[in-house]
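With compact mmCIF, C-alpha atoms inside, this is query_35.txt:
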```
# COMPACT_ATOMS: atom_id res chain seq x y z
CA MET G 117 -23.63 -56.58 -20.71
CA SER G 118 -24.14 -55.55 -24.32
CA ILE G 119 -26.38 -57.41 -26.71
CA SER G 120 -24.94 -59.33 -29.67
CA ALA G 121 -26.04 -58.86 -33.27
CA LYS G 122 -27.51 -62.39 -33.29
CA GLU G 123 -29.53 -61.70 -30.16
CA LEU G 124 -30.72 -58.40 -31.62
CA ALA G 125 -31.94 -60.21 -34.75
CA GLN G 126 -33.89 -62.66 -32.59
CA LYS G 127 -35.55 -59.87 -30.60
CA LEU G 128 -36.62 -58.09 -33.80
CA ASN G 129 -37.60 -61.32 -35.55
CA ILE G 130 -35.58 -60.43 -38.65
CA SER G 131 -32.63 -62.18 -40.27
CA ALA G 132 -29.17 -61.97 -38.77
CA ALA G 133 -27.88 -61.02 -42.23
CA THR G 134 -30.13 -57.94 -42.29
CA VAL G 135 -28.96 -56.86 -38.84
CA SER G 136 -25.34 -57.39 -39.87
CA MET G 137 -25.80 -55.26 -42.99
CA VAL G 138 -27.28 -52.42 -40.94
CA LEU G 139 -24.60 -52.57 -38.23
CA ASN G 140 -21.88 -52.66 -40.88
CA ARG G 141 -23.56 -49.78 -42.76
CA LYS G 142 -23.99 -51.69 -46.01
CA PRO G 143 -26.35 -50.48 -48.76
CA GLY G 144 -29.47 -52.33 -49.88
CA ILE G 145 -31.54 -51.97 -46.69
CA SER G 146 -34.66 -49.81 -46.54
CA GLU G 147 -34.51 -46.73 -44.36
CA LYS G 148 -37.40 -48.04 -42.24
CA THR G 149 -35.59 -51.30 -41.46
CA ARG G 150 -32.29 -49.51 -40.88
CA ASN G 151 -33.87 -47.17 -38.32
CA LEU G 152 -35.66 -50.08 -36.62
CA VAL G 153 -32.39 -51.97 -36.12
CA LEU G 154 -30.39 -48.94 -34.99
CA ASP G 155 -33.04 -47.82 -32.52
CA ALA G 156 -33.25 -51.29 -31.03
CA ALA G 157 -29.46 -51.60 -30.91
CA ARG G 158 -29.24 -48.42 -28.85
CA GLU G 159 -32.11 -49.48 -26.61
CA TYR G 160 -30.56 -52.85 -25.80
CA GLY G 161 -27.03 -51.52 -25.39
CA TYR G 162 -25.28 -52.81 -28.50
CA ASP G 163 -21.56 -51.90 -28.47
CA PHE G 164 -21.13 -49.86 -31.66
CA SER G 165 -17.41 -49.39 -31.02
CA LYS G 166 -16.90 -52.93 -32.30
CA LYS G 167 -18.17 -51.90 -35.74
CA TRP G 168 -17.67 -48.19 -36.25
CA ASP G 169 -14.23 -46.65 -36.43
CA THR G 170 -12.79 -43.28 -37.43
CA ALA G 171 -14.84 -43.29 -40.64
CA GLU G 172 -17.86 -42.58 -38.42
CA GLU G 173 -16.32 -39.26 -37.45
CA LYS G 174 -16.24 -38.08 -41.05
CA GLY G 175 -19.35 -39.83 -42.28
CA SER G 176 -20.28 -41.44 -45.56
CA ILE G 177 -20.51 -40.63 -49.25
CA LEU G 178 -23.39 -41.97 -51.31
CA TYR G 179 -22.58 -43.19 -54.82
CA VAL G 180 -25.80 -43.16 -56.88
CA ILE G 181 -25.67 -45.17 -60.11
CA TYR G 182 -28.36 -43.86 -62.46
CA LYS G 183 -29.76 -46.39 -64.92
CA LYS G 184 -31.98 -45.55 -67.87
CA HIS G 185 -31.64 -48.73 -69.92
CA GLY G 186 -28.50 -50.33 -68.46
CA THR G 187 -26.96 -50.98 -71.86
CA VAL G 188 -24.08 -48.56 -71.24
CA VAL G 189 -23.91 -48.56 -67.44
CA ALA G 190 -23.47 -52.29 -66.93
CA ASP G 191 -21.16 -54.67 -65.11
CA THR G 192 -18.18 -53.92 -67.35
CA PRO G 193 -14.47 -53.38 -66.59
CA PHE G 194 -14.88 -49.66 -67.32
CA PHE G 195 -17.38 -49.07 -64.52
CA SER G 196 -15.69 -51.58 -62.21
CA GLN G 197 -12.43 -49.62 -62.42
CA LEU G 198 -14.26 -46.33 -62.05
CA THR G 199 -15.93 -47.60 -58.87
CA GLU G 200 -12.62 -48.94 -57.59
CA GLY G 201 -11.11 -45.48 -57.90
CA ILE G 202 -14.03 -44.02 -55.93
CA GLU G 203 -13.73 -46.66 -53.22
CA GLN G 204 -9.99 -46.16 -52.81
CA ALA G 205 -10.31 -42.38 -52.59
CA CYS G 206 -13.10 -42.59 -49.99
CA LYS G 207 -11.17 -45.06 -47.88
CA GLY G 208 -8.01 -42.97 -48.09
CA LYS G 209 -9.87 -39.90 -46.83
CA GLY G 210 -11.66 -41.73 -44.02
CA PHE G 211 -15.15 -41.82 -45.56
CA GLU G 212 -17.43 -44.79 -45.87
CA LEU G 213 -18.86 -45.38 -49.35
CA GLN G 214 -22.48 -46.42 -49.80
CA ILE G 215 -23.59 -47.57 -53.25
CA THR G 216 -27.18 -47.47 -54.48
CA TYR G 217 -29.00 -47.65 -57.82
CA PHE G 218 -31.56 -45.23 -59.24
CA TYR G 219 -33.87 -46.49 -62.01
CA GLU G 220 -35.52 -44.11 -64.48
CA ASN G 221 -38.40 -46.51 -65.10
CA LYS G 222 -39.40 -46.60 -61.41
CA ASP G 223 -41.14 -43.99 -59.26
CA ILE G 224 -38.77 -41.00 -59.40
CA GLY G 225 -40.32 -39.18 -56.43
CA ALA G 226 -40.20 -42.23 -54.19
CA GLN G 227 -36.58 -42.89 -55.05
CA ILE G 228 -35.61 -39.26 -54.41
CA GLN G 229 -37.38 -39.42 -51.05
CA GLU G 230 -35.46 -42.57 -50.14
CA LEU G 231 -32.16 -40.88 -51.07
CA SER G 232 -33.05 -37.85 -48.96
CA GLU G 233 -33.48 -40.09 -45.93
CA LYS G 234 -30.05 -41.63 -46.20
CA ASN G 235 -27.45 -40.47 -43.72
CA CYS G 236 -24.68 -39.17 -45.99
CA GLN G 237 -22.49 -36.09 -46.22
CA GLY G 238 -22.41 -35.88 -50.00
CA ILE G 239 -23.49 -37.59 -53.23
CA LEU G 240 -21.63 -38.76 -56.31
CA LEU G 241 -24.16 -39.18 -59.12
CA LEU G 242 -23.13 -41.38 -62.03
CA GLY G 243 -25.07 -39.67 -64.83
CA THR G 244 -23.77 -41.57 -67.85
CA GLU G 245 -27.26 -42.59 -68.99
CA MET G 246 -29.07 -39.55 -67.61
CA ASP G 247 -30.89 -36.93 -69.71
CA VAL G 248 -30.90 -33.36 -68.46
CA GLU G 249 -34.63 -33.27 -67.66
CA TYR G 250 -34.21 -36.11 -65.16
CA PHE G 251 -31.56 -34.27 -63.17
CA GLN G 252 -33.98 -31.68 -61.80
CA PRO G 253 -35.40 -33.90 -58.99
CA PHE G 254 -31.88 -34.39 -57.64
CA THR G 255 -31.62 -30.67 -56.90
CA ARG G 256 -34.06 -31.28 -54.03
CA LEU G 257 -31.39 -33.25 -52.18
CA LYS G 258 -29.88 -30.83 -49.66
CA VAL G 259 -26.34 -32.21 -49.66
CA PRO G 260 -23.29 -31.36 -51.81
CA MET G 261 -23.25 -33.28 -55.08
CA VAL G 262 -20.84 -34.00 -57.95
CA VAL G 263 -22.08 -35.45 -61.25
CA LEU G 264 -19.77 -38.08 -62.71
CA ASP G 265 -19.25 -39.05 -66.36
CA THR G 266 -21.58 -36.50 -67.91
CA TYR G 267 -22.11 -32.75 -68.15
CA PHE G 268 -25.21 -30.62 -68.63
CA GLU G 269 -24.67 -27.25 -70.29
CA GLU G 270 -28.04 -26.03 -69.02
CA LEU G 271 -27.31 -26.68 -65.33
CA ASP G 272 -25.05 -25.19 -62.71
CA CYS G 273 -23.46 -28.27 -61.17
CA ASP G 274 -20.02 -29.73 -60.51
CA SER G 275 -19.04 -32.40 -63.05
CA VAL G 276 -16.10 -34.73 -63.55
CA LEU G 277 -15.91 -36.51 -66.90
CA ILE G 278 -13.78 -37.67 -69.82
CA ASN G 279 -12.63 -35.18 -72.43
CA ASN G 280 -14.71 -36.97 -75.06
CA VAL G 281 -14.29 -34.36 -77.78
CA GLN G 282 -10.51 -34.50 -77.46
CA GLY G 283 -10.45 -38.31 -77.48
CA ALA G 284 -12.58 -38.71 -80.59
CA TYR G 285 -10.69 -35.92 -82.35
CA LEU G 286 -7.32 -37.56 -81.63
CA ALA G 287 -8.55 -40.99 -82.73
CA THR G 288 -9.98 -39.69 -86.00
CA ASN G 289 -6.94 -37.51 -86.65
CA TYR G 290 -4.70 -40.54 -86.10
CA LEU G 291 -6.55 -42.50 -88.79
CA ILE G 292 -6.44 -39.53 -91.19
CA ASP G 293 -2.69 -39.11 -90.66
CA LYS G 294 -2.24 -42.79 -91.54
CA GLY G 295 -3.46 -41.91 -95.05
CA LEU G 296 -6.21 -44.51 -94.98
CA GLY G 297 -8.68 -42.49 -97.03
CA GLU G 298 -12.23 -41.82 -95.89
CA ILE G 299 -12.81 -42.36 -92.18
CA GLY G 300 -16.11 -43.89 -91.15
CA TYR G 301 -17.87 -43.78 -87.80
CA LEU G 302 -19.28 -46.70 -85.79
CA ARG G 303 -21.68 -44.53 -83.82
CA SER G 304 -23.75 -45.51 -80.81
CA SER G 305 -27.49 -45.77 -81.46
CA TYR G 306 -28.02 -44.66 -77.85
CA PRO G 307 -27.72 -40.83 -77.70
CA ILE G 308 -26.05 -40.36 -74.31
CA GLY G 309 -23.96 -37.29 -73.58
CA ASN G 310 -20.55 -38.97 -73.84
CA PHE G 311 -21.28 -40.37 -77.29
CA GLU G 312 -22.71 -37.07 -78.55
CA GLU G 313 -19.47 -35.35 -77.49
CA ARG G 314 -17.44 -38.04 -79.26
CA ALA G 315 -19.45 -37.33 -82.39
CA ASP G 316 -18.45 -33.67 -82.04
CA GLY G 317 -14.78 -34.68 -81.87
CA TYR G 318 -15.05 -36.98 -84.88
CA TYR G 319 -16.66 -34.34 -87.10
CA LYS G 320 -14.28 -31.67 -85.81
CA ALA G 321 -11.35 -33.73 -87.06
CA LEU G 322 -12.96 -34.17 -90.48
CA ARG G 323 -13.56 -30.43 -90.78
CA HIS G 324 -10.01 -29.68 -89.69
CA HIS G 325 -8.73 -31.70 -92.65
CA ASP G 326 -11.35 -30.33 -95.06
CA LEU G 327 -12.94 -33.76 -95.41
CA PRO G 328 -16.66 -34.19 -96.14
CA THR G 329 -18.83 -34.67 -93.07
CA SER G 330 -21.70 -36.10 -95.10
CA HIS G 331 -20.90 -39.61 -96.31
CA PRO G 332 -22.36 -43.17 -96.25
CA TYR G 333 -19.92 -44.54 -93.65
CA VAL G 334 -21.75 -43.70 -90.41
CA HIS G 335 -23.30 -46.86 -88.95
CA ARG G 336 -25.58 -46.66 -85.89
CA LEU G 337 -24.88 -49.61 -83.59
CA THR G 338 -26.02 -50.74 -80.14
CA PRO G 339 -23.23 -49.89 -77.66
CA SER G 340 -22.67 -53.48 -76.52
CA MET G 341 -20.57 -56.21 -78.10
CA GLU G 342 -23.42 -58.51 -79.03
CA GLY G 343 -25.71 -55.66 -80.03
CA ALA G 344 -23.07 -54.07 -82.26
CA TYR G 345 -22.33 -57.43 -83.88
CA THR G 346 -26.02 -58.03 -84.65
CA ASP G 347 -26.57 -54.50 -85.99
CA MET G 348 -23.41 -54.51 -88.12
CA SER G 349 -24.28 -57.91 -89.56
CA GLU G 350 -27.70 -56.61 -90.61
CA ILE G 351 -26.07 -53.61 -92.28
CA LEU G 352 -23.48 -55.72 -94.12
CA ARG G 353 -26.16 -58.05 -95.52
CA ASP G 354 -27.33 -55.13 -97.66
CA LYS G 355 -23.79 -54.80 -99.09
CA PRO G 356 -23.31 -51.08 -98.34
CA PRO G 357 -20.13 -49.16 -99.19
CA VAL G 358 -17.54 -49.78 -96.48
CA ALA G 359 -14.86 -47.31 -95.37
CA PRO G 360 -11.19 -48.33 -95.14
CA ALA G 361 -11.07 -47.08 -91.52
CA TYR G 362 -13.49 -46.42 -88.65
CA PHE G 363 -13.58 -44.68 -85.31
CA ALA G 364 -15.91 -46.45 -82.84
CA ASP G 365 -17.69 -44.78 -79.91
CA ASN G 366 -16.45 -47.46 -77.52
CA ASP G 367 -14.47 -50.71 -77.44
CA LEU G 368 -17.58 -52.89 -77.25
CA ILE G 369 -18.96 -51.39 -80.46
CA ALA G 370 -15.56 -51.85 -82.11
CA ALA G 371 -15.34 -55.49 -80.96
CA GLY G 372 -18.83 -56.39 -82.19
CA ALA G 373 -18.27 -54.66 -85.53
CA MET G 374 -14.89 -56.38 -85.99
CA ARG G 375 -16.54 -59.77 -85.57
CA ALA G 376 -19.19 -58.90 -88.16
CA PHE G 377 -16.67 -57.50 -90.65
CA LYS G 378 -14.55 -60.66 -90.42
CA GLU G 379 -17.59 -62.93 -90.89
CA PHE G 380 -18.37 -61.02 -94.10
CA GLY G 381 -14.87 -61.57 -95.44
CA TYR G 382 -13.07 -58.35 -94.47
CA LYS G 383 -9.60 -58.56 -92.97
CA ILE G 384 -8.55 -56.29 -90.12
CA PRO G 385 -6.46 -54.20 -90.50
CA GLU G 386 -5.64 -55.08 -94.12
CA ASP G 387 -9.10 -54.11 -95.42
CA ILE G 388 -10.53 -52.13 -92.50
CA SER G 389 -8.73 -50.30 -89.68
CA ILE G 390 -10.56 -49.59 -86.42
CA VAL G 391 -9.91 -47.43 -83.34
CA GLY G 392 -12.03 -47.81 -80.21
CA PHE G 393 -12.51 -45.79 -77.04
CA ASP G 394 -12.08 -46.62 -73.30
CA ASP G 395 -9.13 -49.09 -73.37
CA THR G 396 -10.96 -51.90 -71.60
CA PRO G 397 -9.27 -55.30 -71.06
CA ILE G 398 -11.09 -56.82 -74.04
CA CYS G 399 -8.80 -54.84 -76.37
CA ASP G 400 -5.87 -57.19 -75.66
CA PHE G 401 -7.92 -60.32 -76.36
CA LEU G 402 -9.36 -59.35 -79.72
CA GLU G 403 -7.78 -60.58 -82.94
CA PRO G 404 -6.11 -58.34 -83.83
CA PRO G 405 -5.72 -56.44 -80.51
CA LEU G 406 -7.64 -53.18 -80.67
CA THR G 407 -6.04 -49.75 -80.89
CA THR G 408 -8.08 -47.48 -78.66
CA MET G 409 -8.22 -44.29 -76.60
CA GLU G 410 -6.98 -44.94 -73.07
CA VAL G 411 -9.15 -43.47 -70.29
CA PRO G 412 -7.71 -43.17 -66.73
CA LYS G 413 -10.81 -44.73 -65.19
CA LYS G 414 -9.63 -45.00 -61.58
CA ARG G 415 -8.34 -41.44 -61.67
CA LEU G 416 -11.71 -40.27 -62.94
CA GLY G 417 -13.34 -41.72 -59.82
CA GLU G 418 -10.67 -40.32 -57.52
CA LEU G 419 -11.09 -36.80 -58.92
CA ALA G 420 -14.85 -36.94 -58.38
CA VAL G 421 -14.32 -37.83 -54.71
CA LEU G 422 -11.71 -35.10 -54.22
CA ARG G 423 -14.01 -32.49 -55.78
CA LEU G 424 -16.86 -33.57 -53.51
CA LEU G 425 -14.62 -33.33 -50.45
CA GLN G 426 -13.67 -29.78 -51.46
CA LYS G 427 -17.37 -28.93 -51.48
CA LEU G 428 -17.90 -30.60 -48.10
CA ALA G 429 -15.06 -28.52 -46.66
CA GLY G 430 -16.60 -25.33 -48.04
CA GLU G 431 -13.43 -24.53 -49.96
CA THR G 432 -15.28 -23.13 -52.96
CA LYS G 433 -18.80 -22.21 -54.01
CA VAL G 434 -17.87 -21.97 -57.70
CA MET G 435 -19.15 -24.82 -59.88
CA ILE G 436 -16.36 -26.58 -61.79
CA LYS G 437 -16.32 -28.84 -64.83
CA THR G 438 -13.29 -31.17 -64.72
CA GLU G 439 -12.34 -33.04 -67.90
CA VAL G 440 -9.80 -35.86 -67.82
CA SER G 441 -7.58 -36.15 -70.90
CA VAL G 442 -7.19 -39.42 -72.80
CA LYS G 443 -4.39 -40.79 -74.96
CA LEU G 444 -3.96 -43.24 -77.81
CA HIS G 445 -2.97 -46.83 -77.01
CA GLU G 446 -1.68 -48.36 -80.23
CA ARG G 447 -2.11 -52.07 -80.85
CA LYS G 448 -2.66 -53.94 -84.13
CA SER G 449 -6.08 -52.97 -85.51
CA VAL G 450 -4.82 -50.11 -87.71
CA LYS G 451 -3.00 -50.68 -90.99
CA GLY G 452 0.56 -49.42 -91.30
```

structure tokens encoding of this file:
Amino acid sequence: MSISAKELAQKLNISAATVSMVLNRKPGISEKTRNLVLDAAREYGYDFSKKWDTAEEKGSILYVIYKKHGTVVADTPFFSQLTEGIEQACKGKGFELQITYFYENKDIGAQIQELSEKNCQGILLLGTEMDVEYFQPFTRLKVPMVVLDTYFEELDCDSVLINNVQGAYLATNYLIDKGLGEIGYLRSSYPIGNFEERADGYYKALRHHDLPTSHPYVHRLTPSMEGAYTDMSEILRDKPPVAPAYFADNDLIAAGAMRAFKEFGYKIPEDISIVGFDDTPICDFLEPPLTTMEVPKKRLGELAVLRLLQKLAGETKVMIKTEVSVKLHERKSVKG
């Protein structure tokens, strides 16, 4: 007669919840505890067929969410939809998805060691907040890997990300074509790769139209709604020159800046037009609703999984950079 999970927990003198998480292959359990439970389960004859199905035959994929400061990679609709796309793709291909967090301000070596001990076939690394020098320890992990939402020119690795240059270029070009005059930039004060590429797209559009790239309308703002509102309010208290239109690095920056502009007496879009980036649900609830660049977030996650599965199958040894195109979603925040 096989042992139950509850009985196993009693024998090991640990919580039933911990045993359940191990037997259901959930993240958040140390490798030492996981091995203890699995070894005991085998010893006492636990019936694994009740828990593990065909996904066991293919194995699991580890989704590592890298956090430097957490201001950008936070519990937002953007990353929720991205994760949903990853989960759906893994499930559809018969792989279990494990999710874990990696913190830059904690012991890097210890965290890498813990990742190396996890039983997974491949890794998806969300590198949105990652700098290139912190990627090097991940090369010690001897499993196929795909980096998601960033790209490092210096490294030979597979990456799946947004076409940030294209998106910022299209947004800025749209404002220029509206004949709104000088186009300002609500730029992130956090220099992550995505935002640096969006800066490239913004300035590329200005150069294409022979417009000056040096002007007083670039405002560095925290890339969160509350942070952008606070920063923009501080700027406006000094009564600086204000552009008739702005491209913002993301929707949260745009939303915070819009609130500050309105509190200082500016009307949107009559006085100031704004275009954001990401097309998160908040865009529909702003007043006026925000015109933004639409990112296929679920598809981004799906493509990362599919690329990793190609690597697992040994279909190619060539490293590939995949960029997902974006498109304009017009609402009411731009004049005319």

Please report as a tab-separated table every residue of region 172-232 of chain G lying within 12 Å of region 368-386 of chain G, along with the nearest atom pair and their distance in Å (one decimal), using only C-alpha atoms.
```
residue	atom	partner	partner_atom	distance
G:Thr187	CA	G:Leu368	CA	11.0
G:Val188	CA	G:Leu368	CA	9.9
G:Ala190	CA	G:Leu368	CA	11.9
G:Thr192	CA	G:Leu368	CA	10.0
G:Pro193	CA	G:Leu368	CA	11.1
G:Phe194	CA	G:Leu368	CA	10.8
```

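You will find CA of Ser146 (chain G) at 29.6 Å from CA of Leu419 (chain G).
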
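Going from CA of Gly283 (chain G) over to CA of His445 (chain G), you cover 11.3 Å.
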
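Distance annotation: of G:Ala364, G:Met137, G:Ile292, G:Met341, the residue with the minimal separation from Lys451 (chain G) is G:Ile292; atom set is all atoms listed in the file.
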
Restricting the calculation to all atoms listed in the file, which member of G:Leu424, G:Asp191, G:Leu124, G:Gly243 is positioned closest to Asp163 (chain G)? G:Leu124

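Separating CA of Glu270 (chain G) from CA of Val248 (chain G) is a distance of 7.9 Å.
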
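Around the point (-6.7, -37.8, -47.1), within 12 Å and counting all atoms listed in the file, we find these residues: Ala171, Lys174, Gln204, Ala205, Cys206, Lys207, Gly208, Lys209, Gly210, Phe211, Glu418, Val421, Leu422, Leu425 and Gln426 of chain G.
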
I want to know what sits within 7 Å of Tyr319 (chain G), based on all atoms listed in the file, with residues of the same chain fewer than 4 positions away left out; could you give that as a CSV table (one decimal) with C-alpha atoms, in the coordinates of the input?
```
chain,number,residue,atom,x,y,z
G,315,ALA,CA,-19.4,-37.3,-82.4
G,323,ARG,CA,-13.6,-30.4,-90.8
G,329,THR,CA,-18.8,-34.7,-93.1
```

Could you rebuild region 249-259 of chain G with all heavy atoms and give me the result as a PDB file, in the coordinates of the input?
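Dumped to part18.pdb:
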```
ATOM      1  N   GLU G 249     -33.347 -33.512 -68.318  1.00  0.00           N
ATOM      2  CA  GLU G 249     -34.630 -33.270 -67.660  1.00  0.00           C
ATOM      3  C   GLU G 249     -34.811 -34.133 -66.407  1.00  0.00           C
ATOM      4  O   GLU G 249     -35.598 -33.804 -65.522  1.00  0.00           O
ATOM      5  CB  GLU G 249     -35.796 -33.497 -68.613  1.00  0.00           C
ATOM      6  CG  GLU G 249     -35.922 -34.901 -69.156  1.00  0.00           C
ATOM      7  CD  GLU G 249     -35.230 -35.059 -70.509  1.00  0.00           C
ATOM      8  OE1 GLU G 249     -34.253 -34.341 -70.757  1.00  0.00           O
ATOM      9  OE2 GLU G 249     -35.694 -35.902 -71.309  1.00  0.00           O
ATOM     10  N   TYR G 250     -34.068 -35.236 -66.317  1.00  0.00           N
ATOM     11  CA  TYR G 250     -34.210 -36.110 -65.160  1.00  0.00           C
ATOM     12  C   TYR G 250     -33.275 -35.730 -64.017  1.00  0.00           C
ATOM     13  O   TYR G 250     -33.306 -36.356 -62.949  1.00  0.00           O
ATOM     14  CB  TYR G 250     -33.967 -37.567 -65.572  1.00  0.00           C
ATOM     15  CG  TYR G 250     -35.096 -38.126 -66.407  1.00  0.00           C
ATOM     16  CD1 TYR G 250     -35.009 -38.154 -67.793  1.00  0.00           C
ATOM     17  CD2 TYR G 250     -36.260 -38.592 -65.804  1.00  0.00           C
ATOM     18  CE1 TYR G 250     -36.053 -38.632 -68.564  1.00  0.00           C
ATOM     19  CE2 TYR G 250     -37.312 -39.083 -66.571  1.00  0.00           C
ATOM     20  CZ  TYR G 250     -37.201 -39.102 -67.946  1.00  0.00           C
ATOM     21  OH  TYR G 250     -38.240 -39.578 -68.708  1.00  0.00           O
ATOM     22  N   PHE G 251     -32.442 -34.723 -64.245  1.00  0.00           N
ATOM     23  CA  PHE G 251     -31.560 -34.270 -63.170  1.00  0.00           C
ATOM     24  C   PHE G 251     -32.296 -33.381 -62.174  1.00  0.00           C
ATOM     25  O   PHE G 251     -31.936 -33.333 -60.992  1.00  0.00           O
ATOM     26  CB  PHE G 251     -30.366 -33.506 -63.755  1.00  0.00           C
ATOM     27  CG  PHE G 251     -29.412 -32.998 -62.703  1.00  0.00           C
ATOM     28  CD1 PHE G 251     -28.503 -33.852 -62.111  1.00  0.00           C
ATOM     29  CD2 PHE G 251     -29.436 -31.668 -62.300  1.00  0.00           C
ATOM     30  CE1 PHE G 251     -27.632 -33.393 -61.131  1.00  0.00           C
ATOM     31  CE2 PHE G 251     -28.581 -31.202 -61.323  1.00  0.00           C
ATOM     32  CZ  PHE G 251     -27.672 -32.072 -60.740  1.00  0.00           C
ATOM     33  N   GLN G 252     -33.312 -32.685 -62.636  1.00  0.00           N
ATOM     34  CA  GLN G 252     -33.980 -31.680 -61.800  1.00  0.00           C
ATOM     35  C   GLN G 252     -34.414 -32.215 -60.438  1.00  0.00           C
ATOM     36  O   GLN G 252     -34.211 -31.538 -59.413  1.00  0.00           O
ATOM     37  CB  GLN G 252     -35.191 -31.106 -62.547  1.00  0.00           C
ATOM     38  CG  GLN G 252     -35.814 -29.885 -61.880  1.00  0.00           C
ATOM     39  CD  GLN G 252     -34.847 -28.727 -61.728  1.00  0.00           C
ATOM     40  OE1 GLN G 252     -34.021 -28.495 -62.594  1.00  0.00           O
ATOM     41  NE2 GLN G 252     -34.930 -28.020 -60.614  1.00  0.00           N
ATOM     42  N   PRO G 253     -35.006 -33.422 -60.325  1.00  0.00           N
ATOM     43  CA  PRO G 253     -35.400 -33.900 -58.990  1.00  0.00           C
ATOM     44  C   PRO G 253     -34.241 -34.018 -58.012  1.00  0.00           C
ATOM     45  O   PRO G 253     -34.436 -33.895 -56.798  1.00  0.00           O
ATOM     46  CB  PRO G 253     -36.024 -35.276 -59.287  1.00  0.00           C
ATOM     47  CG  PRO G 253     -36.475 -35.183 -60.708  1.00  0.00           C
ATOM     48  CD  PRO G 253     -35.455 -34.330 -61.391  1.00  0.00           C
ATOM     49  N   PHE G 254     -33.036 -34.232 -58.532  1.00  0.00           N
ATOM     50  CA  PHE G 254     -31.880 -34.390 -57.640  1.00  0.00           C
ATOM     51  C   PHE G 254     -31.497 -33.077 -56.967  1.00  0.00           C
ATOM     52  O   PHE G 254     -30.795 -33.090 -55.964  1.00  0.00           O
ATOM     53  CB  PHE G 254     -30.692 -34.957 -58.434  1.00  0.00           C
ATOM     54  CG  PHE G 254     -30.824 -36.419 -58.754  1.00  0.00           C
ATOM     55  CD1 PHE G 254     -31.500 -36.833 -59.894  1.00  0.00           C
ATOM     56  CD2 PHE G 254     -30.297 -37.387 -57.919  1.00  0.00           C
ATOM     57  CE1 PHE G 254     -31.640 -38.170 -60.195  1.00  0.00           C
ATOM     58  CE2 PHE G 254     -30.425 -38.734 -58.200  1.00  0.00           C
ATOM     59  CZ  PHE G 254     -31.112 -39.124 -59.339  1.00  0.00           C
ATOM     60  N   THR G 255     -31.937 -31.956 -57.521  1.00  0.00           N
ATOM     61  CA  THR G 255     -31.620 -30.670 -56.900  1.00  0.00           C
ATOM     62  C   THR G 255     -32.346 -30.498 -55.571  1.00  0.00           C
ATOM     63  O   THR G 255     -32.003 -29.603 -54.797  1.00  0.00           O
ATOM     64  CB  THR G 255     -31.995 -29.505 -57.845  1.00  0.00           C
ATOM     65  OG1 THR G 255     -33.400 -29.528 -58.113  1.00  0.00           O
ATOM     66  CG2 THR G 255     -31.239 -29.609 -59.168  1.00  0.00           C
ATOM     67  N   ARG G 256     -33.338 -31.350 -55.306  1.00  0.00           N
ATOM     68  CA  ARG G 256     -34.060 -31.280 -54.030  1.00  0.00           C
ATOM     69  C   ARG G 256     -33.259 -31.892 -52.884  1.00  0.00           C
ATOM     70  O   ARG G 256     -33.603 -31.716 -51.724  1.00  0.00           O
ATOM     71  CB  ARG G 256     -35.414 -31.979 -54.148  1.00  0.00           C
ATOM     72  CG  ARG G 256     -36.330 -31.407 -55.227  1.00  0.00           C
ATOM     73  CD  ARG G 256     -37.782 -31.707 -54.932  1.00  0.00           C
ATOM     74  NE  ARG G 256     -38.069 -33.123 -54.867  1.00  0.00           N
ATOM     75  CZ  ARG G 256     -38.509 -33.847 -55.913  1.00  0.00           C
ATOM     76  NH1 ARG G 256     -38.676 -33.280 -57.109  1.00  0.00           N
ATOM     77  NH2 ARG G 256     -38.782 -35.130 -55.769  1.00  0.00           N
ATOM     78  N   LEU G 257     -32.219 -32.633 -53.213  1.00  0.00           N
ATOM     79  CA  LEU G 257     -31.390 -33.250 -52.180  1.00  0.00           C
ATOM     80  C   LEU G 257     -30.460 -32.194 -51.588  1.00  0.00           C
ATOM     81  O   LEU G 257     -29.664 -31.592 -52.300  1.00  0.00           O
ATOM     82  CB  LEU G 257     -30.582 -34.405 -52.784  1.00  0.00           C
ATOM     83  CG  LEU G 257     -31.419 -35.532 -53.398  1.00  0.00           C
ATOM     84  CD1 LEU G 257     -30.536 -36.520 -54.122  1.00  0.00           C
ATOM     85  CD2 LEU G 257     -32.249 -36.226 -52.326  1.00  0.00           C
ATOM     86  N   LYS G 258     -30.569 -31.954 -50.301  1.00  0.00           N
ATOM     87  CA  LYS G 258     -29.880 -30.830 -49.660  1.00  0.00           C
ATOM     88  C   LYS G 258     -28.490 -31.203 -49.169  1.00  0.00           C
ATOM     89  O   LYS G 258     -28.095 -30.880 -48.045  1.00  0.00           O
ATOM     90  CB  LYS G 258     -30.729 -30.304 -48.497  1.00  0.00           C
ATOM     91  CG  LYS G 258     -32.137 -29.890 -48.900  1.00  0.00           C
ATOM     92  CD  LYS G 258     -32.134 -28.817 -49.997  1.00  0.00           C
ATOM     93  CE  LYS G 258     -33.537 -28.384 -50.367  1.00  0.00           C
ATOM     94  NZ  LYS G 258     -33.538 -27.389 -51.457  1.00  0.00           N
ATOM     95  N   VAL G 259     -27.729 -31.896 -49.997  1.00  0.00           N
ATOM     96  CA  VAL G 259     -26.340 -32.210 -49.660  1.00  0.00           C
ATOM     97  C   VAL G 259     -25.472 -31.894 -50.873  1.00  0.00           C
ATOM     98  O   VAL G 259     -25.957 -31.889 -52.010  1.00  0.00           O
ATOM     99  CB  VAL G 259     -26.166 -33.694 -49.258  1.00  0.00           C
ATOM    100  CG1 VAL G 259     -26.899 -34.006 -47.972  1.00  0.00           C
ATOM    101  CG2 VAL G 259     -26.627 -34.617 -50.376  1.00  0.00           C
TER     102      VAL G 259
END
```
